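The structure file structure-v2.txt is reproduced below (compact mmCIF, C-alpha atoms).
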```
# COMPACT_ATOMS: atom_id res chain seq x y z
CA MET C 1 0.00 0.00 0.00
CA GLY C 2 2.94 2.35 0.55
CA LYS C 3 2.85 5.79 2.08
CA GLY C 4 -0.69 6.49 0.85
CA GLY C 5 -2.04 3.37 2.50
CA ARG C 6 -0.11 4.15 5.67
CA PHE C 7 -1.64 7.63 5.77
CA LEU C 8 -5.15 6.23 5.43
CA CYS C 9 -4.38 3.68 8.13
CA ILE C 10 -3.56 6.31 10.77
CA LEU C 11 -6.20 8.83 9.65
CA THR C 12 -8.90 7.25 11.83
CA PRO C 13 -6.97 7.21 15.14
CA TYR C 14 -5.66 10.71 14.42
CA ALA C 15 -9.20 12.04 13.94
CA LEU C 16 -10.34 10.29 17.13
CA THR C 17 -7.45 11.85 19.05
CA ILE C 18 -8.44 15.31 17.83
CA ALA C 19 -12.05 14.65 18.92
CA SER C 20 -10.86 13.60 22.39
CA LEU C 21 -8.73 16.74 22.69
CA VAL C 22 -11.68 18.97 21.74
CA CYS C 23 -13.82 17.38 24.45
CA ILE C 24 -11.10 17.86 27.08
CA ILE C 25 -10.77 21.52 26.05
CA MET C 26 -14.55 21.95 26.44
CA VAL C 27 -14.32 20.57 29.97
CA GLY C 28 -11.57 23.07 30.78
CA LEU C 29 -13.47 26.03 29.33
CA GLY C 30 -16.58 25.43 31.43
CA CYS C 31 -17.44 28.27 33.85
CA THR C 32 -14.75 30.62 32.52
CA ASN C 33 -16.72 33.16 30.48
CA ALA C 34 -19.90 34.80 31.77
CA ASN C 35 -20.78 36.11 28.29
CA SER C 36 -20.89 32.68 26.63
CA SER C 37 -24.15 30.80 27.08
CA SER C 38 -22.60 27.61 25.72
CA LEU C 39 -19.75 27.63 28.21
CA ASN C 40 -22.14 28.53 31.04
CA ASP C 41 -23.94 25.23 30.46
CA LEU C 42 -20.71 23.34 31.10
CA TYR C 43 -20.37 22.82 34.85
CA PHE C 44 -19.74 19.92 37.21
CA PHE C 45 -22.08 21.02 39.98
CA ARG C 46 -24.66 23.71 40.64
CA ALA C 47 -25.85 24.90 44.04
CA ASN C 48 -29.28 26.54 43.80
CA LEU C 49 -30.06 29.07 46.55
CA GLU C 50 -33.14 30.54 44.89
CA ASN C 51 -35.54 29.37 47.60
CA VAL C 52 -33.17 29.74 50.51
CA THR C 53 -35.40 32.19 52.40
CA SER C 54 -38.79 30.58 51.89
CA SER C 55 -37.79 26.98 52.65
CA THR C 56 -35.90 27.77 55.84
CA ALA C 57 -38.72 29.58 57.63
CA SER C 58 -40.00 26.43 59.29
CA SER C 59 -36.78 24.40 59.61
CA VAL C 60 -34.18 26.66 61.21
CA THR C 61 -32.42 25.48 64.35
CA SER C 62 -31.39 27.40 67.42
CA GLU C 63 -27.75 27.09 66.36
CA VAL C 64 -28.41 29.07 63.19
CA THR C 65 -30.40 31.63 65.15
CA ASP C 66 -27.51 32.19 67.58
CA ALA C 67 -25.10 32.54 64.63
CA LEU C 68 -27.31 35.17 63.04
CA ASN C 69 -27.50 37.11 66.28
CA SER C 70 -23.71 37.03 66.63
CA ALA C 71 -23.45 38.45 63.10
CA GLY C 72 -25.38 41.54 64.16
CA VAL C 73 -28.70 40.61 62.60
CA SER C 74 -31.72 41.04 64.85
CA VAL C 75 -33.93 37.97 64.80
CA ASP C 76 -37.31 37.79 66.48
CA ASP C 77 -39.04 34.55 67.32
CA GLY C 78 -40.99 33.42 64.29
CA ASP C 79 -39.38 36.00 62.01
CA ILE C 80 -36.43 33.94 60.76
CA GLN C 81 -37.45 34.48 57.14
CA SER C 82 -36.88 38.24 57.41
CA ALA C 83 -33.51 37.59 59.06
CA LEU C 84 -32.32 35.37 56.23
CA GLN C 85 -33.49 37.93 53.69
CA GLU C 86 -31.40 40.56 55.48
CA VAL C 87 -28.34 38.28 55.47
CA GLN C 88 -28.80 37.58 51.76
CA LYS C 89 -28.99 41.29 51.00
CA GLN C 90 -26.01 42.14 53.20
CA PHE C 91 -23.63 39.56 51.72
CA ASP C 92 -24.99 39.68 48.14
CA LEU C 93 -25.88 36.02 47.75
CA MET C 94 -26.79 34.94 44.23
CA ASP C 95 -29.56 32.55 43.22
CA PHE C 96 -27.14 29.87 42.01
CA TYR C 97 -23.44 28.95 41.81
CA THR C 98 -21.93 26.65 39.17
CA ILE C 99 -18.57 24.92 39.59
CA GLY C 100 -16.08 24.22 36.82
CA LEU C 101 -12.51 22.96 36.59
CA TRP C 102 -10.82 26.38 36.87
CA GLY C 103 -13.41 28.40 38.78
CA TYR C 104 -17.08 29.09 39.39
CA CYS C 105 -19.85 31.31 38.04
CA ASP C 106 -22.85 32.84 39.79
CA GLY C 107 -26.07 34.49 38.70
CA ASN C 108 -29.78 34.87 39.19
CA VAL C 109 -32.91 33.08 37.99
CA ASN C 110 -35.41 35.18 36.05
CA ASN C 111 -39.18 34.84 35.94
CA ASN C 112 -38.97 32.23 33.16
CA ASP C 113 -36.78 29.99 35.34
CA LYS C 114 -33.82 30.77 33.15
CA TYR C 115 -30.38 30.83 34.73
CA ASN C 116 -28.56 34.04 33.85
CA VAL C 117 -24.86 34.07 34.69
CA THR C 118 -23.65 37.48 35.79
CA GLU C 119 -20.04 36.84 36.79
CA CYS C 120 -17.34 34.17 36.71
CA SER C 121 -14.33 33.92 38.97
CA LYS C 122 -10.76 34.27 37.76
CA PRO C 123 -9.37 30.92 36.52
CA LYS C 124 -7.23 29.32 39.19
CA SER C 125 -5.21 26.13 39.23
CA MET C 126 -6.08 23.51 41.85
CA PHE C 127 -9.44 25.24 42.25
CA TRP C 128 -12.05 24.06 44.71
CA PHE C 129 -15.32 25.75 45.61
CA ASN C 130 -15.40 26.90 49.24
CA PRO C 131 -18.97 27.94 50.15
CA LEU C 132 -17.84 29.37 53.48
CA GLU C 133 -15.66 31.86 51.62
CA VAL C 134 -17.82 32.47 48.55
CA TRP C 135 -21.01 32.90 50.51
CA ASN C 136 -19.22 35.06 53.13
CA LEU C 137 -20.23 32.69 55.93
CA GLU C 138 -16.82 32.98 57.60
CA GLN C 139 -16.97 36.77 57.52
CA SER C 140 -20.46 36.80 59.00
CA GLY C 141 -19.67 34.25 61.70
CA LEU C 142 -22.05 31.64 60.27
CA GLN C 143 -19.44 28.98 59.52
CA ASN C 144 -20.89 26.77 62.24
CA ALA C 145 -24.30 26.85 60.62
CA LEU C 146 -23.40 24.11 58.16
CA PRO C 147 -24.20 20.55 59.30
CA ASP C 148 -21.33 18.23 60.15
CA GLY C 149 -21.97 16.05 57.09
CA VAL C 150 -21.49 19.03 54.79
CA ASP C 151 -18.17 19.98 56.41
CA LYS C 152 -16.84 16.45 56.00
CA ALA C 153 -17.94 16.31 52.34
CA LEU C 154 -16.27 19.66 51.65
CA ASN C 155 -12.98 18.45 53.12
CA ILE C 156 -13.07 15.37 50.90
CA TYR C 157 -13.93 17.54 47.90
CA LYS C 158 -11.03 19.89 48.68
CA ASN C 159 -8.47 17.06 48.68
CA VAL C 160 -9.83 15.02 45.77
CA SER C 161 -10.36 18.07 43.54
CA LYS C 162 -6.57 18.61 43.43
CA TRP C 163 -6.00 15.11 42.05
CA MET C 164 -8.87 15.64 39.59
CA PHE C 165 -7.30 18.87 38.32
CA VAL C 166 -3.88 17.22 37.86
CA ALA C 167 -5.46 14.26 36.05
CA TYR C 168 -7.21 16.54 33.55
CA ILE C 169 -4.01 18.50 32.91
CA VAL C 170 -1.99 15.32 32.32
CA ALA C 171 -4.73 13.98 30.04
CA PHE C 172 -4.65 17.21 28.01
CA VAL C 173 -0.84 17.23 27.70
CA ALA C 174 -0.68 13.53 26.82
CA THR C 175 -3.32 13.96 24.12
CA VAL C 176 -1.40 16.86 22.57
CA VAL C 177 1.79 14.78 22.60
CA GLU C 178 -0.18 11.95 21.02
CA LEU C 179 -1.09 14.21 18.09
CA VAL C 180 2.50 15.33 17.62
CA VAL C 181 4.00 11.85 17.80
CA GLY C 182 1.21 10.52 15.59
CA ILE C 183 2.63 12.46 12.64
CA PHE C 184 5.70 10.21 12.70
CA ALA C 185 3.46 7.15 12.60
CA ILE C 186 3.03 7.81 8.87
CA CYS C 187 6.63 6.74 8.30
CA SER C 188 6.73 3.37 10.02
CA ARG C 189 5.14 0.97 12.43
CA TRP C 190 7.67 2.00 15.06
CA GLY C 191 6.05 5.43 15.03
CA SER C 192 2.69 3.78 15.66
CA CYS C 193 4.19 1.80 18.52
CA VAL C 194 5.43 4.93 20.29
CA THR C 195 2.14 6.70 19.61
CA THR C 196 0.23 3.77 21.08
CA ILE C 197 2.17 4.07 24.34
CA VAL C 198 1.36 7.78 24.58
CA ALA C 199 -2.27 7.06 23.68
CA ILE C 200 -2.54 4.56 26.55
CA VAL C 201 -1.28 7.20 29.00
CA ALA C 202 -3.76 9.76 27.62
CA PHE C 203 -6.65 7.31 27.90
CA LEU C 204 -5.83 6.26 31.45
CA PHE C 205 -5.65 9.83 32.77
CA THR C 206 -8.73 10.93 30.83
CA ALA C 207 -10.71 8.01 32.23
CA ALA C 208 -9.36 8.60 35.75
CA ALA C 209 -10.23 12.32 35.66
CA SER C 210 -13.73 11.64 34.33
CA ALA C 211 -14.44 8.90 36.88
CA THR C 212 -13.12 11.08 39.71
CA SER C 213 -15.22 14.11 38.77
CA THR C 214 -18.37 12.02 38.32
CA ALA C 215 -18.03 10.20 41.63
CA LEU C 216 -16.92 13.29 43.55
CA PHE C 217 -19.74 15.59 42.54
CA ALA C 218 -22.31 12.82 42.79
CA VAL C 219 -21.37 12.56 46.47
CA ILE C 220 -21.46 16.36 46.88
CA ALA C 221 -24.89 16.57 45.26
CA GLY C 222 -26.19 13.81 47.52
CA VAL C 223 -24.90 15.53 50.65
CA PHE C 224 -26.35 18.89 49.65
CA ASN C 225 -29.77 17.43 48.90
CA GLU C 226 -29.76 15.43 52.11
CA LYS C 227 -28.42 18.04 54.52
CA LEU C 228 -29.31 21.41 52.98
CA LYS C 229 -32.50 20.84 51.02
CA THR C 230 -34.58 21.80 54.03
CA ALA C 231 -32.67 25.09 54.09
CA GLY C 232 -33.60 25.82 50.48
CA ILE C 233 -30.24 24.84 48.96
CA VAL C 234 -30.43 22.22 46.21
CA GLY C 235 -27.45 20.60 44.47
CA SER C 236 -27.43 19.20 40.91
CA MET C 237 -24.87 17.87 38.44
CA GLY C 238 -24.30 19.38 35.00
CA LYS C 239 -25.34 17.05 32.20
CA ASN C 240 -23.37 18.69 29.38
CA MET C 241 -20.07 18.62 31.28
CA TYR C 242 -20.27 14.90 31.93
CA VAL C 243 -21.28 14.20 28.34
CA ALA C 244 -18.17 16.06 27.20
CA THR C 245 -15.78 14.35 29.62
CA TRP C 246 -17.06 10.82 28.91
CA LEU C 247 -17.03 11.45 25.17
CA ALA C 248 -13.37 12.34 25.63
CA VAL C 249 -12.86 8.95 27.29
CA ALA C 250 -14.68 7.12 24.47
CA PHE C 251 -12.71 8.89 21.73
CA SER C 252 -9.44 8.34 23.59
CA LEU C 253 -10.13 4.61 23.98
CA ALA C 254 -11.06 4.22 20.32
CA ALA C 255 -7.95 6.13 19.24
CA CYS C 256 -5.80 3.93 21.46
CA LEU C 257 -7.19 0.74 19.88
CA PHE C 258 -6.74 2.01 16.33
CA TRP C 259 -3.18 3.14 17.06
CA MET C 260 -2.51 -0.36 18.33
CA ILE C 261 -3.94 -1.89 15.15
CA SER C 262 -1.76 0.38 13.01
CA THR C 263 1.35 -1.19 14.55
CA CYS C 264 0.45 -4.54 12.98
CA CYS C 265 -0.60 -3.56 9.46
CA CYS C 266 -0.16 -1.00 6.68
CA SER C 267 3.60 -0.83 6.32
CA GLY C 268 4.94 2.42 4.94
CA ARG C 269 7.20 0.64 2.39
CA SER C 270 6.07 0.45 -1.20
CA PRO C 271 5.68 -3.12 -2.56
CA TYR C 272 6.39 -1.95 -6.12
CA ASN C 273 9.89 -0.85 -5.24
CA HIS C 274 10.62 -4.28 -3.79
CA ARG C 275 9.29 -5.95 -6.91
CA ASN C 276 11.54 -3.91 -9.18
CA LYS C 277 14.55 -4.60 -7.01
CA ASN C 278 13.87 -8.33 -7.07
CA ALA C 279 13.42 -8.30 -10.82
CA ALA C 280 16.68 -6.45 -11.36
CA ARG C 281 18.37 -8.78 -8.95
CA ALA C 282 17.03 -11.82 -10.84
CA VAL C 283 18.63 -10.88 -14.18
CA THR C 284 21.97 -9.94 -12.64
CA ALA C 285 24.29 -12.91 -12.32
CA GLU C 286 27.85 -13.07 -11.17
CA LYS C 287 30.39 -15.50 -12.46
CA ALA C 288 31.16 -18.24 -10.05
CA PRO C 289 34.82 -19.13 -9.52
CA TYR C 290 36.44 -21.98 -11.44
CA THR C 291 34.17 -21.65 -14.49
CA TYR C 292 35.00 -21.52 -18.21
CA GLU C 293 34.35 -18.65 -20.53
CA PRO C 294 33.81 -19.36 -24.23
CA LEU C 295 36.46 -17.84 -26.51
CA GLY C 296 36.17 -16.47 -29.98
CA PRO C 297 38.52 -16.90 -32.89
CA TYR C 298 42.23 -16.74 -32.03
CA GLY C 299 41.48 -17.22 -28.30
CA THR C 300 39.86 -13.83 -27.72
CA PRO C 301 36.70 -13.66 -25.52
CA TYR C 302 33.38 -12.68 -27.01
CA GLN C 303 32.52 -9.00 -26.58
CA ASN C 304 29.18 -7.47 -25.42
CA THR C 305 27.32 -10.75 -25.23
CA SER C 306 26.63 -13.35 -22.61
CA TYR C 307 26.84 -16.32 -24.95
CA PRO C 308 28.57 -17.16 -28.26
CA PRO C 309 27.06 -15.80 -31.48
CA ALA C 310 25.54 -18.04 -34.09
CA PRO C 311 28.06 -20.26 -35.92
CA PRO C 312 29.33 -19.00 -39.30
CA THR C 313 27.98 -20.45 -42.51
CA THR C 314 31.43 -21.65 -43.51
CA GLN C 315 32.53 -25.09 -42.52
CA ARG C 316 34.32 -25.18 -39.18
CA THR C 317 37.86 -26.56 -39.07
CA ASN C 318 37.88 -27.34 -35.37
CA ALA C 319 35.73 -30.01 -33.84
CA TYR C 320 35.47 -28.23 -30.51
CA GLU C 321 35.35 -24.59 -29.50
CA PRO C 322 38.31 -23.55 -27.36
CA PHE C 323 37.62 -22.31 -23.77
CA ARG C 324 39.74 -20.20 -21.53
CA HIS C 325 40.09 -21.02 -17.86
CA VAL C 326 39.05 -18.12 -15.65
```

Reformat the file's structure so that it appears as structure tokens.
Amino acid sequence: MGKGGRFLCILTPYALTIASLVCIIMVGLGCTNANSSSLNDLYFFRANLENVTSSTASSVTSEVTDALNSAGVSVDDGDIQSALQEVQKQFDLMDFYTIGLWGYCDGNVNNNDKYNVTECSKPKSMFWFNPLEVWNLEQSGLQNALPDGVDKALNIYKNVSKWMFVAYIVAFVATVVELVVGIFAICSRWGSCVTTIVAIVAFLFTAAASATSTALFAVIAGVFNEKLKTAGIVGSMGKNMYVATWLAVAFSLAACLFWMISTCCCSGRSPYNHRNKNAARAVTAEKAPYTYEPLGPYGTPYQNTSYPPAPPTTQRTNAYEPFRHV
């Protein structure tokens, strides 16, 4: 098949690698631009605080009441709803917060139940969403208002999110290297072999990052809905983000398999060149040692021919043709 066949052989895994890289980039761009509606739909987790005042009127505990009083907010018995409204106005709480890989976005919900993002945080490496800081609970003295289960889940999220961030970065870098090394796979199967090794690394880290993010935020969403739903805070996972990250895993796995197949077939050498070389080699013969070469008249060797010419029409005088030992 030659170089053309080799190119077609690696075209499929190369295209799959590009598709995987695009999906990883989409995951990284989520929650980074408040003006892009498409990127605003890419988030791992969303905390909805829209009904925080109405749902907490009948479920507040004395611990929360004491915390509000210590923050300088006057709370009367039976008037906890007004107190929470005052806290929300004082610390500028938004209706929802979405979490991405590099940061978070916040915004409000309009009358049509549409989520409008107003601001996104500055991208930060090793990012994790700290509600005590973002919601100004530490500044207001309400850090003890969160249930114990939520604190434990946040500590786990803080530690695991660092590994998740590193895994996504390694997956991105390995996929880029896979594209670069894949160019050399056109030349030989050795290039495909090296590319396959890089593709395996890219797949493993992409799968690990996707599995970690899915499991981590599934736990966070469960804790929020179990511990904070009565306070009007609801947690949910972003569908589009997980579609993107698992598509990256699928494309990376398919690319890895096709790179592996390309190491076993579609050699870059042209079969026609080998055929011509064999044909030329077949008509070229060397004289073996201790052979005899036919001689012409007067003992001179024949010129420009590999065998004696046709005998002359005249009658030969010698019974046998002389040979010279070579």

Best match for closeness to Tyr104 in chain C among C:Glu119, C:Asp148, C:Glu133, C:Glu226, counting all atoms listed in the file
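Once distances to Tyr104 in chain C are computed over all atoms listed in the file, the minimum belongs to C:Glu119.
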
Please compute the CA of Ala202 in chain C-CA of Pro123 in chain C distance, one decimal, in Å.
23.6 Å

Counting all atoms listed in the file, the residue of C:Phe258, C:Ser161, C:Phe184, C:Ile169 that sits nearest Ile220 in chain C:
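Distance minimum relative to Ile220 in chain C lands on C:Ser161.
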
I want to know what sits within 6 Å of Ser20 in chain C, based on all atoms listed in the file, with residues of the same chain fewer than 4 positions away left out; could you give that as a PDB file with C-alpha atoms, in the coordinates of the input?
```
ATOM      1  CA  ALA C 248     -13.370  12.340  25.630  1.00  0.00           C
ATOM      2  CA  PHE C 251     -12.710   8.890  21.730  1.00  0.00           C
ATOM      3  CA  SER C 252      -9.440   8.340  23.590  1.00  0.00           C
TER       4      SER C 252
END
```

Counting all atoms listed in the file, the residue among C:Cys264, C:Leu101, C:Val22, C:Ile233 that lies closest to Met164 in chain C is C:Leu101

Could you tell me how far CA of Thr118 in chain C lies from CA of Leu132 in chain C, in Å and to one decimal?
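Rounded to one decimal, the two atoms are 20.3 Å apart.
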
Which polymer residues have any atom within 9 Å of an atom of Tyr242 in chain C, counting only C-alpha atoms, with same-chain residues fewer than 2 positions away left out, as a PDB file with C-alpha atoms, keeping the file's coordinate frame?
```pdb
ATOM      1  CA  VAL C  27     -14.320  20.570  29.970  1.00  0.00           C
ATOM      2  CA  LEU C  42     -20.710  23.340  31.100  1.00  0.00           C
ATOM      3  CA  TYR C  43     -20.370  22.820  34.850  1.00  0.00           C
ATOM      4  CA  PHE C  44     -19.740  19.920  37.210  1.00  0.00           C
ATOM      5  CA  SER C 210     -13.730  11.640  34.330  1.00  0.00           C
ATOM      6  CA  SER C 213     -15.220  14.110  38.770  1.00  0.00           C
ATOM      7  CA  THR C 214     -18.370  12.020  38.320  1.00  0.00           C
ATOM      8  CA  MET C 237     -24.870  17.870  38.440  1.00  0.00           C
ATOM      9  CA  GLY C 238     -24.300  19.380  35.000  1.00  0.00           C
ATOM     10  CA  LYS C 239     -25.340  17.050  32.200  1.00  0.00           C
ATOM     11  CA  ASN C 240     -23.370  18.690  29.380  1.00  0.00           C
ATOM     12  CA  ALA C 244     -18.170  16.060  27.200  1.00  0.00           C
ATOM     13  CA  THR C 245     -15.780  14.350  29.620  1.00  0.00           C
ATOM     14  CA  TRP C 246     -17.060  10.820  28.910  1.00  0.00           C
ATOM     15  CA  LEU C 247     -17.030  11.450  25.170  1.00  0.00           C
TER      16      LEU C 247
END
```

Distance CA of Asn116 in chain C-CA of Phe224 in chain C, one decimal place?
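Result for CA of Asn116 in chain C versus CA of Phe224 in chain C: 22.0 Å, one decimal.
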
Dig up all the protein and nucleic acid residues within 6 Å of (-6.2, 21.4, 41.0) in the file frame, using only C-alpha atoms, and format them as a PyMOL selection string.
chain C and resi 125-127+161-162+165-166

Excluding Cys120 in chain C and its own-chain neighbours fewer than 3 positions away, which residues fall within 8 Å of it when counting only C-alpha atoms? Please give them as a short mmCIF file (atom, residue, chain, number, x, y, z; two decimals) with C-alpha atoms, in the frame of the given file.
```cif
data_model
loop_
_atom_site.label_atom_id
_atom_site.label_comp_id
_atom_site.auth_asym_id
_atom_site.auth_seq_id
_atom_site.Cartn_x
_atom_site.Cartn_y
_atom_site.Cartn_z
CA CYS C 31 -17.44 28.27 33.85
CA THR C 32 -14.75 30.62 32.52
CA ASN C 33 -16.72 33.16 30.48
CA ALA C 34 -19.90 34.80 31.77
CA GLY C 103 -13.41 28.40 38.78
CA TYR C 104 -17.08 29.09 39.39
CA CYS C 105 -19.85 31.31 38.04
CA ASP C 106 -22.85 32.84 39.79
CA VAL C 117 -24.86 34.07 34.69
#
```
